[in-house]
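Content type TSV, C-alpha atoms and all ligand atoms, from the file start.tsv:
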```tsv
chain	number	residue	atom	x	y	z
A	1	MET	CA	34.36	-47.48	12.33
A	2	SER	CA	32.30	-46.48	15.35
A	3	GLY	CA	30.66	-43.09	15.32
A	4	ASP	CA	32.57	-41.53	18.19
A	5	GLY	CA	35.92	-42.48	16.70
A	6	PHE	CA	36.85	-44.95	19.44
A	7	SER	CA	37.07	-48.64	18.73
A	8	SER	CA	34.66	-51.21	20.06
A	9	GLY	CA	37.01	-54.06	19.18
A	10	PRO	CA	38.85	-55.57	16.25
A	11	PRO	CA	37.15	-57.76	13.64
A	12	PRO	CA	37.44	-61.56	13.99
A	13	GLY	CA	40.98	-62.76	13.29
A	14	ALA	CA	42.60	-59.37	13.91
A	15	ARG	CA	44.82	-58.54	16.88
A	16	PRO	CA	43.72	-56.00	19.53
A	17	ASP	CA	45.57	-53.28	17.58
A	18	TRP	CA	43.63	-54.31	14.44
A	19	THR	CA	46.68	-55.71	12.67
A	20	ILE	CA	46.65	-58.99	10.76
A	21	ASP	CA	49.34	-60.97	8.95
A	22	GLN	CA	49.84	-59.77	5.43
A	23	GLY	CA	49.83	-63.40	4.24
A	24	TRP	CA	51.95	-62.51	1.25
A	25	GLU	CA	52.17	-66.12	0.08
A	26	THR	CA	48.36	-66.30	-0.23
A	27	TYR	CA	47.98	-63.69	-3.01
A	28	SER	CA	46.88	-65.24	-6.30
A	29	GLN	CA	48.63	-64.52	-9.59
A	30	ALA	CA	45.52	-62.58	-10.66
A	31	GLU	CA	45.98	-60.32	-7.62
A	32	HIS	CA	49.68	-59.80	-8.37
A	33	ASP	CA	48.65	-58.94	-11.92
A	34	VAL	CA	46.32	-56.18	-10.67
A	35	TRP	CA	49.26	-54.64	-8.78
A	36	ILE	CA	51.49	-54.88	-11.86
A	37	THR	CA	48.84	-53.24	-14.07
A	38	LEU	CA	48.33	-50.40	-11.59
A	39	TYR	CA	52.04	-49.95	-11.02
A	40	GLU	CA	52.84	-49.77	-14.72
A	41	ARG	CA	50.05	-47.27	-15.37
A	42	GLN	CA	51.36	-44.95	-12.63
A	43	ALA	CA	55.13	-45.25	-12.36
A	44	ASP	CA	56.09	-43.73	-15.72
A	45	MET	CA	53.44	-41.03	-15.85
A	46	LEU	CA	54.40	-39.79	-12.38
A	47	HIS	CA	57.81	-38.62	-13.60
A	48	GLY	CA	57.32	-34.88	-13.96
A	49	ARG	CA	54.11	-35.07	-11.90
A	50	ALA	CA	55.00	-36.46	-8.47
A	51	CYS	CA	57.45	-34.58	-6.26
A	52	ASP	CA	61.07	-35.73	-5.98
A	53	GLU	CA	60.57	-37.04	-2.45
A	54	PHE	CA	57.89	-39.43	-3.70
A	55	LEU	CA	59.85	-40.60	-6.73
A	56	ARG	CA	62.98	-41.17	-4.65
A	57	GLY	CA	60.92	-43.20	-2.16
A	58	LEU	CA	59.40	-45.30	-4.90
A	59	ASP	CA	62.90	-46.14	-6.14
A	60	ALA	CA	64.34	-46.73	-2.69
A	61	LEU	CA	61.63	-49.24	-1.80
A	62	ASP	CA	61.95	-50.97	-5.13
A	63	LEU	CA	58.19	-51.39	-5.44
A	64	HIS	CA	58.99	-53.20	-8.62
A	65	ARG	CA	56.92	-54.74	-11.31
A	66	THR	CA	56.85	-58.36	-10.17
A	67	GLY	CA	53.74	-58.04	-8.03
A	68	ILE	CA	52.34	-57.12	-4.63
A	69	PRO	CA	55.24	-56.26	-2.33
A	70	ASP	CA	56.01	-58.27	0.77
A	71	PHE	CA	55.80	-55.97	3.82
A	72	ALA	CA	58.72	-57.80	5.45
A	73	ARG	CA	60.94	-56.72	2.55
A	74	ILE	CA	59.68	-53.12	2.44
A	75	ASN	CA	60.09	-52.79	6.17
A	76	GLU	CA	63.80	-53.61	6.14
A	77	GLU	CA	64.47	-50.59	3.95
A	78	LEU	CA	61.88	-48.33	5.57
A	79	GLN	CA	63.20	-49.09	9.05
A	80	ARG	CA	66.68	-48.24	7.91
A	81	LEU	CA	65.64	-44.96	6.27
A	82	THR	CA	63.20	-43.41	8.76
A	83	GLY	CA	62.32	-46.01	11.41
A	84	TRP	CA	58.80	-46.47	9.99
A	85	SER	CA	57.15	-49.80	9.24
A	86	VAL	CA	54.05	-50.94	7.41
A	87	VAL	CA	51.54	-53.16	9.23
A	88	ALA	CA	48.61	-54.97	7.59
A	89	VAL	CA	45.01	-54.19	8.58
A	90	PRO	CA	41.75	-55.59	7.16
A	91	GLY	CA	40.41	-52.16	6.13
A	92	LEU	CA	39.70	-48.83	7.80
A	93	ALA	CA	40.73	-48.90	11.44
A	94	PRO	CA	38.98	-46.74	14.06
A	95	ASP	CA	40.50	-43.30	14.46
A	96	ASP	CA	42.09	-43.92	17.88
A	97	VAL	CA	43.74	-47.13	16.67
A	98	PHE	CA	44.92	-45.48	13.46
A	99	PHE	CA	46.47	-42.56	15.35
A	100	ASP	CA	48.19	-44.86	17.82
A	101	HIS	CA	49.92	-46.64	14.95
A	102	LEU	CA	51.04	-43.39	13.32
A	103	ALA	CA	52.26	-41.98	16.63
A	104	ASN	CA	54.50	-45.06	16.86
A	105	ARG	CA	55.73	-44.81	13.27
A	106	ARG	CA	53.64	-47.70	11.99
A	107	PHE	CA	51.56	-47.17	8.88
A	108	PRO	CA	48.41	-49.36	8.73
A	109	ALA	CA	47.94	-50.60	5.18
A	110	GLY	CA	45.06	-52.53	3.68
A	111	GLN	CA	46.06	-56.15	2.99
A	112	PHE	CA	43.63	-56.70	0.11
A	113	ILE	CA	43.86	-55.50	-3.46
A	114	ARG	CA	41.06	-54.09	-5.63
A	115	LYS	CA	39.37	-56.23	-8.28
A	116	PRO	CA	40.23	-55.86	-11.98
A	117	HIS	CA	36.99	-53.91	-12.63
A	118	GLU	CA	37.85	-51.40	-9.86
A	119	LEU	CA	41.18	-50.17	-11.26
A	120	ASP	CA	40.10	-46.53	-11.41
A	121	TYR	CA	38.00	-46.12	-8.32
A	122	LEU	CA	37.24	-47.69	-4.98
A	123	GLN	CA	36.36	-46.08	-1.69
A	124	GLU	CA	38.13	-48.33	0.85
A	125	PRO	CA	41.92	-47.98	0.92
A	126	ASP	CA	43.48	-51.13	-0.57
A	127	ILE	CA	47.13	-52.17	-0.64
A	128	PHE	CA	47.82	-50.23	-3.82
A	129	HIS	CA	46.53	-46.95	-2.43
A	130	ASP	CA	48.21	-47.50	0.93
A	131	VAL	CA	51.57	-48.88	-0.17
A	132	PHE	CA	52.14	-47.30	-3.56
A	133	GLY	CA	50.40	-44.06	-2.53
A	134	HIS	CA	51.52	-43.50	1.05
A	135	VAL	CA	54.67	-45.46	1.78
A	136	PRO	CA	57.14	-43.77	-0.62
A	137	MET	CA	56.67	-40.44	1.21
A	138	LEU	CA	57.47	-42.19	4.51
A	139	THR	CA	61.05	-42.64	3.27
A	140	ASP	CA	61.49	-38.86	3.50
A	141	PRO	CA	62.72	-37.98	7.00
A	142	VAL	CA	60.78	-34.71	7.23
A	143	PHE	CA	57.53	-36.18	5.98
A	144	ALA	CA	58.08	-39.17	8.27
A	145	ASP	CA	58.17	-36.80	11.25
A	146	TYR	CA	55.07	-34.96	10.03
A	147	MET	CA	53.08	-38.21	9.90
A	148	GLN	CA	54.12	-39.17	13.40
A	149	ALA	CA	53.18	-35.70	14.65
A	150	TYR	CA	49.82	-36.11	12.94
A	151	GLY	CA	49.24	-39.34	14.86
A	152	ARG	CA	50.01	-37.63	18.16
A	153	GLY	CA	47.87	-34.67	17.19
A	154	GLY	CA	45.03	-37.02	16.28
A	155	GLN	CA	44.95	-38.46	19.76
A	156	ARG	CA	44.75	-34.93	21.19
A	157	ALA	CA	42.13	-33.76	18.66
A	158	LEU	CA	39.95	-36.76	19.54
A	159	SER	CA	40.09	-35.89	23.23
A	160	LEU	CA	39.24	-32.23	22.46
A	161	GLY	CA	36.44	-33.06	20.03
A	162	ARG	CA	38.19	-31.31	17.11
A	163	LEU	CA	38.95	-34.33	14.92
A	164	ALA	CA	36.81	-32.98	12.08
A	165	ASN	CA	39.25	-30.07	11.77
A	166	LEU	CA	42.39	-32.18	11.98
A	167	ALA	CA	41.04	-34.72	9.51
A	168	ARG	CA	40.84	-31.94	6.93
A	169	LEU	CA	44.52	-31.25	7.40
A	170	TYR	CA	45.24	-34.92	6.64
A	171	TRP	CA	42.92	-34.88	3.67
A	172	TYR	CA	44.36	-31.78	2.04
A	173	THR	CA	48.00	-32.72	2.70
A	174	VAL	CA	48.71	-36.44	3.10
A	175	GLU	CA	45.92	-37.47	0.73
A	176	PHE	CA	45.48	-34.63	-1.78
A	177	GLY	CA	48.43	-32.29	-1.34
A	178	LEU	CA	50.25	-30.44	-4.12
A	179	MET	CA	53.67	-28.81	-3.87
A	180	ASN	CA	55.09	-25.76	-5.62
A	181	THR	CA	58.63	-26.53	-6.81
A	182	PRO	CA	61.09	-24.65	-9.04
A	183	ALA	CA	60.19	-27.14	-11.78
A	184	GLY	CA	56.43	-26.50	-11.39
A	185	LEU	CA	53.49	-27.95	-9.47
A	186	ARG	CA	54.06	-31.47	-8.20
A	187	ILE	CA	51.90	-34.07	-6.42
A	188	TYR	CA	52.71	-35.51	-3.01
A	189	GLY	CA	49.22	-36.64	-1.88
A	190	ALA	CA	48.63	-40.40	-1.79
A	191	GLY	CA	45.04	-40.13	-3.00
A	192	ILE	CA	46.31	-38.45	-6.16
A	193	VAL	CA	49.43	-40.48	-6.94
A	194	SER	CA	47.51	-43.74	-6.57
A	195	SER	CA	44.88	-42.61	-9.11
A	196	ARG	CA	45.69	-42.31	-12.79
A	197	THR	CA	42.81	-39.99	-13.57
A	198	GLU	CA	43.33	-37.69	-10.59
A	199	SER	CA	47.08	-37.48	-11.25
A	200	ILE	CA	46.16	-35.74	-14.49
A	201	PHE	CA	43.14	-33.80	-13.20
A	202	ALA	CA	44.90	-32.36	-10.13
A	203	LEU	CA	47.71	-30.78	-12.16
A	204	ASP	CA	46.27	-30.14	-15.62
A	205	ASP	CA	42.51	-29.67	-15.44
A	206	PRO	CA	41.17	-26.09	-15.45
A	207	SER	CA	38.28	-27.03	-13.09
A	208	PRO	CA	39.69	-27.12	-9.54
A	209	ASN	CA	40.96	-24.19	-7.50
A	210	ARG	CA	44.59	-24.42	-6.43
A	211	ILE	CA	45.23	-22.32	-3.34
A	212	GLY	CA	48.31	-21.70	-1.20
A	213	PHE	CA	48.31	-23.80	1.97
A	214	GLU	CA	47.25	-21.99	5.13
A	215	LEU	CA	46.63	-24.13	8.20
A	216	GLU	CA	43.50	-22.51	9.61
A	217	ARG	CA	41.96	-22.05	6.15
A	218	VAL	CA	42.50	-25.75	5.38
A	219	MET	CA	41.05	-26.87	8.70
A	220	ARG	CA	37.84	-24.94	7.94
A	221	THR	CA	37.40	-26.32	4.43
A	222	ASN	CA	34.95	-29.12	3.67
A	223	TYR	CA	36.05	-31.95	1.40
A	224	ARG	CA	34.45	-34.54	-0.79
A	225	ILE	CA	35.28	-38.20	-0.60
A	226	ASP	CA	33.31	-39.35	-3.63
A	227	ASP	CA	34.91	-37.55	-6.55
A	228	PHE	CA	37.85	-35.42	-7.69
A	229	GLN	CA	38.60	-32.55	-5.34
A	230	GLN	CA	37.28	-29.09	-6.16
A	231	VAL	CA	40.20	-27.45	-4.39
A	232	TYR	CA	43.81	-28.47	-3.85
A	233	PHE	CA	46.08	-26.75	-1.35
A	234	VAL	CA	49.66	-26.11	-2.38
A	235	ILE	CA	52.63	-26.20	0.00
A	236	ASP	CA	56.10	-24.83	-0.76
A	237	SER	CA	57.97	-27.75	0.75
A	238	ILE	CA	57.60	-30.66	3.15
A	239	GLN	CA	59.35	-28.46	5.71
A	240	THR	CA	56.31	-26.15	5.61
A	241	LEU	CA	54.16	-29.03	6.75
A	242	GLN	CA	56.50	-30.08	9.47
A	243	ALA	CA	56.73	-26.50	10.76
A	244	VAL	CA	52.93	-26.41	11.00
A	245	THR	CA	52.84	-29.38	13.35
A	246	LEU	CA	55.38	-27.83	15.70
A	247	ARG	CA	52.72	-25.31	16.77
A	248	ASP	CA	50.38	-26.11	19.59
A	249	PHE	CA	46.86	-26.43	18.16
A	250	GLY	CA	45.05	-25.54	21.41
A	251	ALA	CA	44.34	-21.88	20.61
A	252	LEU	CA	43.64	-22.75	16.99
A	253	TYR	CA	41.01	-25.31	18.02
A	254	GLN	CA	39.32	-22.72	20.22
A	255	ARG	CA	39.03	-20.34	17.28
A	256	LEU	CA	37.82	-23.14	15.02
A	257	ALA	CA	35.05	-24.02	17.45
A	258	GLY	CA	33.45	-20.67	16.63
A	259	ALA	CA	34.35	-20.55	12.94
A	260	THR	CA	32.13	-21.37	9.98
A	261	ASP	CA	33.04	-24.05	7.44
A	262	ILE	CA	34.28	-23.06	4.00
A	263	GLY	CA	32.72	-24.65	0.94
A	264	VAL	CA	34.83	-26.76	-1.43
A	265	ALA	CA	34.64	-24.24	-4.29
A	266	GLU	CA	34.90	-20.98	-2.31
A	267	ILE	CA	37.73	-18.53	-2.75
A	268	LEU	CA	38.28	-16.11	0.14
A	269	PRO	CA	39.81	-12.61	0.00
A	270	GLY	CA	42.91	-13.72	1.93
A	271	ASP	CA	43.65	-16.73	-0.29
A	272	THR	CA	46.83	-17.04	-2.31
A	273	VAL	CA	45.24	-18.16	-5.55
A	274	ILE	CA	47.61	-20.25	-7.66
A	275	SER	CA	44.93	-21.07	-10.18
A	276	ARG	CA	41.30	-20.04	-10.12
A	277	GLY	CA	39.27	-23.02	-11.28
A	278	THR	CA	36.34	-22.96	-13.65
A	279	GLN	CA	34.62	-25.73	-11.61
A	280	ALA	CA	33.38	-26.94	-15.00
A	281	TYR	CA	33.92	-30.58	-14.07
A	282	ALA	CA	31.95	-30.37	-10.82
A	283	LYS	CA	29.21	-28.27	-12.46
A	284	ALA	CA	28.80	-30.94	-15.13
A	285	GLY	CA	28.09	-33.47	-12.38
A	286	GLY	CA	31.48	-35.15	-11.94
A	287	ARG	CA	32.36	-38.68	-12.83
A	288	LEU	CA	29.92	-40.49	-10.56
A	289	ALA	CA	27.09	-38.82	-12.45
A	290	ASP	CA	28.80	-39.94	-15.67
A	291	LEU	CA	29.02	-43.50	-14.41
A	292	SER	CA	25.37	-43.69	-13.44
A	293	ALA	CA	24.36	-42.08	-16.70
A	294	GLY	CA	26.47	-44.64	-18.57
B	301	LIG	N1	42.42	-46.58	8.84
B	301	LIG	N2	43.52	-48.23	7.69
B	301	LIG	C1	43.19	-46.94	7.82
B	301	LIG	N3	43.64	-46.03	6.92
B	301	LIG	C2	43.33	-44.71	7.02
B	301	LIG	O1	43.76	-43.90	6.19
B	301	LIG	C3	42.50	-44.30	8.09
B	301	LIG	C4	42.05	-45.27	8.99
B	301	LIG	N4	41.26	-44.91	10.01
B	301	LIG	C5	40.87	-43.55	10.23
B	301	LIG	C6	41.36	-42.60	9.21
B	301	LIG	N5	42.13	-42.98	8.24
B	301	LIG	C7	40.94	-41.15	9.23
B	301	LIG	O2	39.63	-41.10	9.72
B	301	LIG	C8	41.81	-40.20	10.04
B	301	LIG	O3	42.97	-39.82	9.35
B	301	LIG	C9	41.09	-38.94	10.37
B	302	FE	FE	45.09	-42.81	2.19
```

What does the file become when written as structure tokens?
Ligand code: HBI
Ligand code: FE
Amino acid sequence: MSGDGFSSGPPPGARPDWTIDQGWETYSQAEHDVWITLYERQADMLHGRACDEFLRGLDALDLHRTGIPDFARINEELQRLTGWSVVAVPGLAPDDVFFDHLANRRFPAGQFIRKPHELDYLQEPDIFHDVFGHVPMLTDPVFADYMQAYGRGGQRALSLGRLANLARLYWYTVEFGLMNTPAGLRIYGAGIVSSRTESIFALDDPSPNRIGFELERVMRTNYRIDDFQQVYFVIDSIQTLQAVTLRDFGALYQRLAGATDIGVAEILPGDTVISRGTQAYAKAGGRLADLSAG
């Protein structure tokens, strides 16, 4: 990805919009087996953890246990439900390209799958993160509209130089969002549902703060990409998110230009604190420290 967020051109073999063929028939049995292992580890444990919208989407798309799904098959159902489709990309696309896809109800998904020794952690989004993690929520009509609005907003934020703020909204909702429901806290963020360890940590661990979602607060909050989050923001419903994107962000961006960033473990006087974390996990050095020590 180029530093200014605009693309210099697609990698060899990719189309100008960075898409490639999924090449479903070229996956090896070993690669299908990685999908099956990941799917089986997640699908059962997410009952009672993921929100209903996610679980319904997972069922509707029939992301079943026989291996890596064929985008052509997913897209028939997804098109019918919300008019979205999944397109294959070789990896991270530049911001402007990514936003253009979302604004047109296309979700760019990694075509490759992680290796057997990377089941618990990898930094680049692979097909399991992108399809298992993101695509079920795109079957929900309200969330589907939110994602499209995010794509449009991304194009505007790029032109106004405020992408850093908008990216935090994506991070703390689409990737790491929690939802308060009558049945208890539930996960809707793709970065959580696609990770076995974070699906437990985000809901059950005493370490992280869990704070009620507030747009401007979220857009000021730093995030970490290398370990479990130190704060999760909790929405009341997908409608809350959609309502947020109906506002014009112009005045908000002007305020944010003069605002200070908020640290990942800070709690502010105005916060709705759902649980005050101990931060014990982060203070002990997190899992990357554990890995290097091991
Ligand atoms: N490209 N394929 C892909 N997937 C992403 O999630 C993605 C991306 N490019 C840019 C990007 N995300 C983020 O930088 C924006 O959401 C801010
Ligand atoms: Fe993601």

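Neighbouring residues of Ser237 of chain A at 10 Å or closer, counting only C-alpha atoms and skipping chain neighbours under 6 positions away, are A:Cys51, A:Val142, A:Phe143, A:Leu178, A:Met179, A:Asn180, A:Thr181.
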
Neighbours of ligand LIG 301 (chain B) within 7 Å, counting all atoms listed in the file, as an NGL selection string?
:A and (89 or 91-95 or 98 or 108-110 or 125 or 163 or 167 or 170)

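Comparing the minimum interatomic distances between Arg73 of chain A and each of A:Trp24, A:Leu119, A:Phe99, A:Arg247, counting all atoms listed in the file, we find that A:Trp24 sits nearest.
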
What does the list of residues within 7 Å of ligand FE 302 (chain B) look like if you count all atoms listed in the file, written as a PyMOL selection string?
chain A and resi 125+129-130+134+175+190-191

Protein and nucleic acid residues near (39.5, -32.6, 12.3) (cut-off 12 Å, all atoms listed in the file) as a PyMOL selection string
chain A and resi 5+95+150+153-172+215-216+218-223+249+252-253+256-257+261

Would you list the contacts of Phe176 of chain A as a PDB file with C-alpha atoms, keeping the file's coordinate frame, taking every protein, DNA or RNA residue within 12 Å and counting only C-alpha atoms, but skipping same-chain residues closer than 5 positions in sequence?
```pdb
ATOM      1  CA  ALA A  50      55.000 -36.460  -8.470  1.00  0.00           C
ATOM      2  CA  GLY A 133      50.400 -44.060  -2.530  1.00  0.00           C
ATOM      3  CA  HIS A 134      51.520 -43.500   1.050  1.00  0.00           C
ATOM      4  CA  ARG A 168      40.840 -31.940   6.930  1.00  0.00           C
ATOM      5  CA  LEU A 169      44.520 -31.250   7.400  1.00  0.00           C
ATOM      6  CA  TYR A 170      45.240 -34.920   6.640  1.00  0.00           C
ATOM      7  CA  TRP A 171      42.920 -34.880   3.670  1.00  0.00           C
ATOM      8  CA  ARG A 186      54.060 -31.470  -8.200  1.00  0.00           C
ATOM      9  CA  ILE A 187      51.900 -34.070  -6.420  1.00  0.00           C
ATOM     10  CA  TYR A 188      52.710 -35.510  -3.010  1.00  0.00           C
ATOM     11  CA  GLY A 189      49.220 -36.640  -1.880  1.00  0.00           C
ATOM     12  CA  ALA A 190      48.630 -40.400  -1.790  1.00  0.00           C
ATOM     13  CA  GLY A 191      45.040 -40.130  -3.000  1.00  0.00           C
ATOM     14  CA  ILE A 192      46.310 -38.450  -6.160  1.00  0.00           C
ATOM     15  CA  VAL A 193      49.430 -40.480  -6.940  1.00  0.00           C
ATOM     16  CA  SER A 194      47.510 -43.740  -6.570  1.00  0.00           C
ATOM     17  CA  SER A 195      44.880 -42.610  -9.110  1.00  0.00           C
ATOM     18  CA  GLU A 198      43.330 -37.690 -10.590  1.00  0.00           C
ATOM     19  CA  SER A 199      47.080 -37.480 -11.250  1.00  0.00           C
ATOM     20  CA  PHE A 201      43.140 -33.800 -13.200  1.00  0.00           C
ATOM     21  CA  ALA A 202      44.900 -32.360 -10.130  1.00  0.00           C
ATOM     22  CA  LEU A 203      47.710 -30.780 -12.160  1.00  0.00           C
ATOM     23  CA  ARG A 210      44.590 -24.420  -6.430  1.00  0.00           C
ATOM     24  CA  PHE A 213      48.310 -23.800   1.970  1.00  0.00           C
ATOM     25  CA  VAL A 218      42.500 -25.750   5.380  1.00  0.00           C
ATOM     26  CA  TYR A 223      36.050 -31.950   1.400  1.00  0.00           C
ATOM     27  CA  ARG A 224      34.450 -34.540  -0.790  1.00  0.00           C
ATOM     28  CA  ILE A 225      35.280 -38.200  -0.600  1.00  0.00           C
ATOM     29  CA  ASP A 227      34.910 -37.550  -6.550  1.00  0.00           C
ATOM     30  CA  PHE A 228      37.850 -35.420  -7.690  1.00  0.00           C
ATOM     31  CA  GLN A 229      38.600 -32.550  -5.340  1.00  0.00           C
ATOM     32  CA  GLN A 230      37.280 -29.090  -6.160  1.00  0.00           C
ATOM     33  CA  VAL A 231      40.200 -27.450  -4.390  1.00  0.00           C
ATOM     34  CA  TYR A 232      43.810 -28.470  -3.850  1.00  0.00           C
ATOM     35  CA  PHE A 233      46.080 -26.750  -1.350  1.00  0.00           C
ATOM     36  CA  VAL A 234      49.660 -26.110  -2.380  1.00  0.00           C
ATOM     37  CA  ILE A 235      52.630 -26.200   0.000  1.00  0.00           C
TER      38      ILE A 235
END
```

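You will find atom CA of Gln239 of chain A at 26.5 Å from atom CA of Asp44 of chain A.
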
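You can rank A:Asn209, A:Thr82, A:Ser8, A:Gln22 by their closest distance to Asp140 of chain A using all atoms listed in the file, and at the top of that list sits A:Thr82.
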
Filled-in N, CA and C atoms of segment 217-236 of chain A, supplied as a PDB file, in the frame of the given file:
```
ATOM      1  N   ARG A 217      42.812 -22.040   7.347  1.00  0.00           N
ATOM      2  CA  ARG A 217      41.960 -22.050   6.150  1.00  0.00           C
ATOM      3  C   ARG A 217      41.641 -23.515   5.770  1.00  0.00           C
ATOM      4  N   VAL A 218      42.673 -24.332   5.743  1.00  0.00           N
ATOM      5  CA  VAL A 218      42.500 -25.750   5.380  1.00  0.00           C
ATOM      6  C   VAL A 218      41.601 -26.451   6.392  1.00  0.00           C
ATOM      7  N   MET A 219      41.818 -26.184   7.660  1.00  0.00           N
ATOM      8  CA  MET A 219      41.050 -26.870   8.700  1.00  0.00           C
ATOM      9  C   MET A 219      39.573 -26.465   8.728  1.00  0.00           C
ATOM     10  N   ARG A 220      39.250 -25.378   8.025  1.00  0.00           N
ATOM     11  CA  ARG A 220      37.840 -24.940   7.940  1.00  0.00           C
ATOM     12  C   ARG A 220      37.168 -25.422   6.660  1.00  0.00           C
ATOM     13  N   THR A 221      37.933 -26.031   5.759  1.00  0.00           N
ATOM     14  CA  THR A 221      37.400 -26.320   4.430  1.00  0.00           C
ATOM     15  C   THR A 221      36.822 -27.733   4.336  1.00  0.00           C
ATOM     16  N   ASN A 222      35.586 -27.826   3.904  1.00  0.00           N
ATOM     17  CA  ASN A 222      34.950 -29.120   3.670  1.00  0.00           C
ATOM     18  C   ASN A 222      35.708 -29.889   2.592  1.00  0.00           C
ATOM     19  N   TYR A 223      35.458 -31.192   2.512  1.00  0.00           N
ATOM     20  CA  TYR A 223      36.050 -31.950   1.400  1.00  0.00           C
ATOM     21  C   TYR A 223      35.062 -32.988   0.915  1.00  0.00           C
ATOM     22  N   ARG A 224      35.315 -33.482  -0.267  1.00  0.00           N
ATOM     23  CA  ARG A 224      34.450 -34.540  -0.790  1.00  0.00           C
ATOM     24  C   ARG A 224      35.234 -35.821  -0.943  1.00  0.00           C
ATOM     25  N   ILE A 225      34.580 -36.914  -0.576  1.00  0.00           N
ATOM     26  CA  ILE A 225      35.280 -38.200  -0.600  1.00  0.00           C
ATOM     27  C   ILE A 225      34.860 -39.025  -1.809  1.00  0.00           C
ATOM     28  N   ASP A 226      33.920 -38.509  -2.607  1.00  0.00           N
ATOM     29  CA  ASP A 226      33.310 -39.350  -3.630  1.00  0.00           C
ATOM     30  C   ASP A 226      33.715 -38.976  -5.047  1.00  0.00           C
ATOM     31  N   ASP A 227      34.571 -37.992  -5.199  1.00  0.00           N
ATOM     32  CA  ASP A 227      34.910 -37.550  -6.550  1.00  0.00           C
ATOM     33  C   ASP A 227      36.206 -36.736  -6.507  1.00  0.00           C
ATOM     34  N   PHE A 228      36.676 -36.290  -7.662  1.00  0.00           N
ATOM     35  CA  PHE A 228      37.850 -35.420  -7.690  1.00  0.00           C
ATOM     36  C   PHE A 228      37.623 -34.219  -6.781  1.00  0.00           C
ATOM     37  N   GLN A 229      38.702 -33.723  -6.202  1.00  0.00           N
ATOM     38  CA  GLN A 229      38.600 -32.550  -5.340  1.00  0.00           C
ATOM     39  C   GLN A 229      38.271 -31.306  -6.164  1.00  0.00           C
ATOM     40  N   GLN A 230      37.569 -30.369  -5.511  1.00  0.00           N
ATOM     41  CA  GLN A 230      37.280 -29.090  -6.160  1.00  0.00           C
ATOM     42  C   GLN A 230      38.296 -28.023  -5.782  1.00  0.00           C
ATOM     43  N   VAL A 231      39.105 -28.344  -4.778  1.00  0.00           N
ATOM     44  CA  VAL A 231      40.200 -27.450  -4.390  1.00  0.00           C
ATOM     45  C   VAL A 231      41.384 -28.302  -3.943  1.00  0.00           C
ATOM     46  N   TYR A 232      42.566 -27.877  -4.346  1.00  0.00           N
ATOM     47  CA  TYR A 232      43.810 -28.470  -3.850  1.00  0.00           C
ATOM     48  C   TYR A 232      44.594 -27.362  -3.157  1.00  0.00           C
ATOM     49  N   PHE A 233      45.243 -27.715  -2.054  1.00  0.00           N
ATOM     50  CA  PHE A 233      46.080 -26.750  -1.350  1.00  0.00           C
ATOM     51  C   PHE A 233      47.553 -27.052  -1.625  1.00  0.00           C
ATOM     52  N   VAL A 234      48.296 -25.990  -1.856  1.00  0.00           N
ATOM     53  CA  VAL A 234      49.660 -26.110  -2.380  1.00  0.00           C
ATOM     54  C   VAL A 234      50.659 -25.665  -1.322  1.00  0.00           C
ATOM     55  N   ILE A 235      51.564 -26.550  -0.948  1.00  0.00           N
ATOM     56  CA  ILE A 235      52.630 -26.200   0.000  1.00  0.00           C
ATOM     57  C   ILE A 235      53.885 -25.831  -0.790  1.00  0.00           C
ATOM     58  N   ASP A 236      54.840 -25.165  -0.105  1.00  0.00           N
ATOM     59  CA  ASP A 236      56.100 -24.830  -0.760  1.00  0.00           C
ATOM     60  C   ASP A 236      57.132 -25.932  -0.590  1.00  0.00           C
TER      61      ASP A 236
END
```
